[in-house]
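Undergrad: Handing you this structure, nothing more for now.
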Amino acid sequence: MTPARYSIPSILLHWTMALAIALAWGGAQLAEALARGPSRTMVFGVHALMGLAVLALLLPRLLARLLGAAPRAAPRAPMWEQRLGAAAHLLLYALMILLPLTGLLTALTGRAPFDLAGLATLPNALVATGLRGTVKGAHEVLANVMLGAVALHVVAVLWHAFVRRDGVAGRMIPWRTRTA
Ligand code: HEM
Ligand code: HEM
C-alpha cells in the first residue's frame, strides 16, 4: 500500500540533515568573514563536523528510503513536473555525497592538519598531491549548486502548498497525514 507520507525515520533524517546542511553553510559564511586565528579555525571545525554528519547520515537515510514505504510522486502533477521533481531529488542526494567528500578532500590536502573543533584532527595526508586548489574550487562550486537546488526545492514545496494544494508539502511533516 502507498502511504500518505514518508516514514518517521525518513522524516527525522530529512530534517536533521537539512539543519546540519544549513549550519554547515552558515558556518562557512561566518568563518570566511573572520580573520585567520583560533575563532576561524574553530568555526571551520564545526563547519566540517556538520558536513561529516551529513555524510554519516546519508546511508541510514538511503536505507530508510529504500527499505521503508514512501508516497508516490506528486500524484496529480503533470508528467514533466514529476520528472523534474525526481531529477531534483536525485541532484540533492548526489550533492549530499559530493559536497562533504570534496570538503573532506579540501581538509586532507591542506598545508596543515585540520582541527575538528578540538574533538579530533584530520591529517593533511594528501598534501603531496597538490590538488588543494582543485578540490577547494569544486567544493565551492558544489556549495553554490546546493544553495540553488535547495532554493528550487523550497519553491517547489511552496508551489505544492499554495498553488496545487495537493498535500505533497505535508508529506515530510509527521502530524500531516492528508492523502492527495
Ligand atoms: C553539507 C556540507 C557542506 C557545505 C554546505 C559546505 C560549504 C562550504 C562553503 C560554502 C565553503 C566556503 C567556500 C568559499 O567560498 O571559499 C566551504 C569551505 C570549506 N569547507 Fe565545506 N561544506 C560542507 C562540508 C564540508 C566537510 C565535510 C568538510 C571537511 C571535512 C569541509 C571543509 C571545508 C574546508 C576545509 C573549506 C575551506 C576552508 C578554507 O578556506 O580554508 N566542508 N564549505
Ligand atoms: C538542505 C536542505 C534540504 C535537502 C537536502 C532536502 C532534500 C530532500 C530530498 C532528497 C527529498 C526527497 C525524498 C525522497 O523521495 O527520497 C525531499 C523531500 C521533501 N522535502 Fe526536502 N530537503 C531540504 C530542505 C527542505 C525544506 C527547507 C523543506 C520545506 C520547505 C523541505 C520539504 C520537503 C518536502 C515537503 C518533501 C516531500 C516531497 C514529496 O513528497 O515528494 N525540504 N527533500
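Note on naming: chains are A, B, ... as they come in the C-alpha cells, residues start from 1 per chain, ligands start from 1 in the order shown.
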Using only C-alpha atoms and all ligand atoms, determine which residues fall within 9 Å of ligand 1, then list them as JSON, numbers by chain.
TA: {"A": [17, 18, 20, 21, 22, 23, 24, 25, 26, 27, 28, 29, 31, 32, 41, 44, 45, 47, 48, 49, 50, 51, 52, 53, 54, 55, 95, 96, 97, 98, 99, 100, 101, 102, 103, 104, 105, 106, 107, 108, 109, 110, 114, 116, 122, 136, 137, 139, 140, 141, 142, 143, 144, 146, 147]}
Undergrad: Please identify all protein, DNA and RNA residues within 8 Å of ligand 2, counting only C-alpha atoms and all ligand atoms, and report them as a PyMOL selection string.
TA: chain A and resi 5-6+10+14-15+17-22+62+65+70-74+85-86+88-93+95-96+146+150+153-155+157-158+168-173
Undergrad: In Å, rounded to a single decimal, give me how far CA of Pro3 (chain A) is from CA of Trp175 (chain A).
TA: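 Interatomic distance, CA of Trp175 (chain A) to CA of Pro3 (chain A): 13.5 Å.
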Undergrad: I need the residues in chain A that are strand (DSSP E) according to DSSP; give them as a list in words.
TA: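 Of chain A, only Phe114, Asp115, Leu116, Ala120, Thr121 and Leu122 of chain A fall in strand (DSSP E).
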Undergrad: Neighbouring residues of Leu63 (chain A) were defined as those with any atom within 12 Å, considering only C-alpha atoms; residues of the same chain fewer than 6 positions away were excluded. Please report them as a list in words.
TA: Ser7, Pro9, Ser10, Leu13, Leu57, Ala69 and Ala70 of chain A
Undergrad: Restrict the selected residues to N, CA and C atoms and save them as a PDB file, in the first residue's frame.
TA:
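After the write, again_18.pdb holds the following:
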```
ATOM      1  N   SER A   7       8.088   7.756   5.975  1.00  0.00           N
ATOM      2  CA  SER A   7       8.198   7.073   7.263  1.00  0.00           C
ATOM      3  C   SER A   7       8.840   8.012   8.285  1.00  0.00           C
ATOM      4  N   PRO A   9      11.443   7.512  10.342  1.00  0.00           N
ATOM      5  CA  PRO A   9      12.901   7.637  10.190  1.00  0.00           C
ATOM      6  C   PRO A   9      13.283   8.549   9.021  1.00  0.00           C
ATOM      7  N   SER A  10      12.584   8.433   7.883  1.00  0.00           N
ATOM      8  CA  SER A  10      12.896   9.296   6.728  1.00  0.00           C
ATOM      9  C   SER A  10      12.668  10.763   7.069  1.00  0.00           C
ATOM     10  N   LEU A  13      15.381  12.014   9.528  1.00  0.00           N
ATOM     11  CA  LEU A  13      16.668  12.188   8.850  1.00  0.00           C
ATOM     12  C   LEU A  13      16.615  13.383   7.892  1.00  0.00           C
ATOM     13  N   LEU A  57      25.033  10.366   7.908  1.00  0.00           N
ATOM     14  CA  LEU A  57      23.599  10.061   7.980  1.00  0.00           C
ATOM     15  C   LEU A  57      23.013   9.654   6.627  1.00  0.00           C
ATOM     16  N   ALA A  69       8.325   2.183   3.183  1.00  0.00           N
ATOM     17  CA  ALA A  69       7.369   2.601   2.154  1.00  0.00           C
ATOM     18  C   ALA A  69       7.455   4.121   1.995  1.00  0.00           C
ATOM     19  N   ALA A  70       7.270   4.607   0.773  1.00  0.00           N
ATOM     20  CA  ALA A  70       7.303   6.054   0.524  1.00  0.00           C
ATOM     21  C   ALA A  70       6.110   6.423  -0.357  1.00  0.00           C
TER      22      ALA A  70
END
```
Undergrad: Find the distance between CA of Ala151 (chain A) and CA of Val163 (chain A) and write it in Å to one decimal.
TA: 17.2 Å
Undergrad: With only C-alpha atoms as the atoms that count, which of A:Leu131, A:Pro113, A:Leu84, A:Leu34 lies nearest to Leu152 (chain A)?
TA: A:Leu84
Undergrad: I need the residues of region 91-157 of chain A that end up classed as alpha helix (DSSP H) by DSSP on the backbone, written out as a ChimeraX atom specification.
TA: /A:91-108,132-157
Undergrad: Between CA of Ile8 (chain A) and CA of Pro60 (chain A), measure the distance and give it in Å to one decimal.
TA: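 Separation of CA of Ile8 (chain A) and CA of Pro60 (chain A): 12.7 Å.
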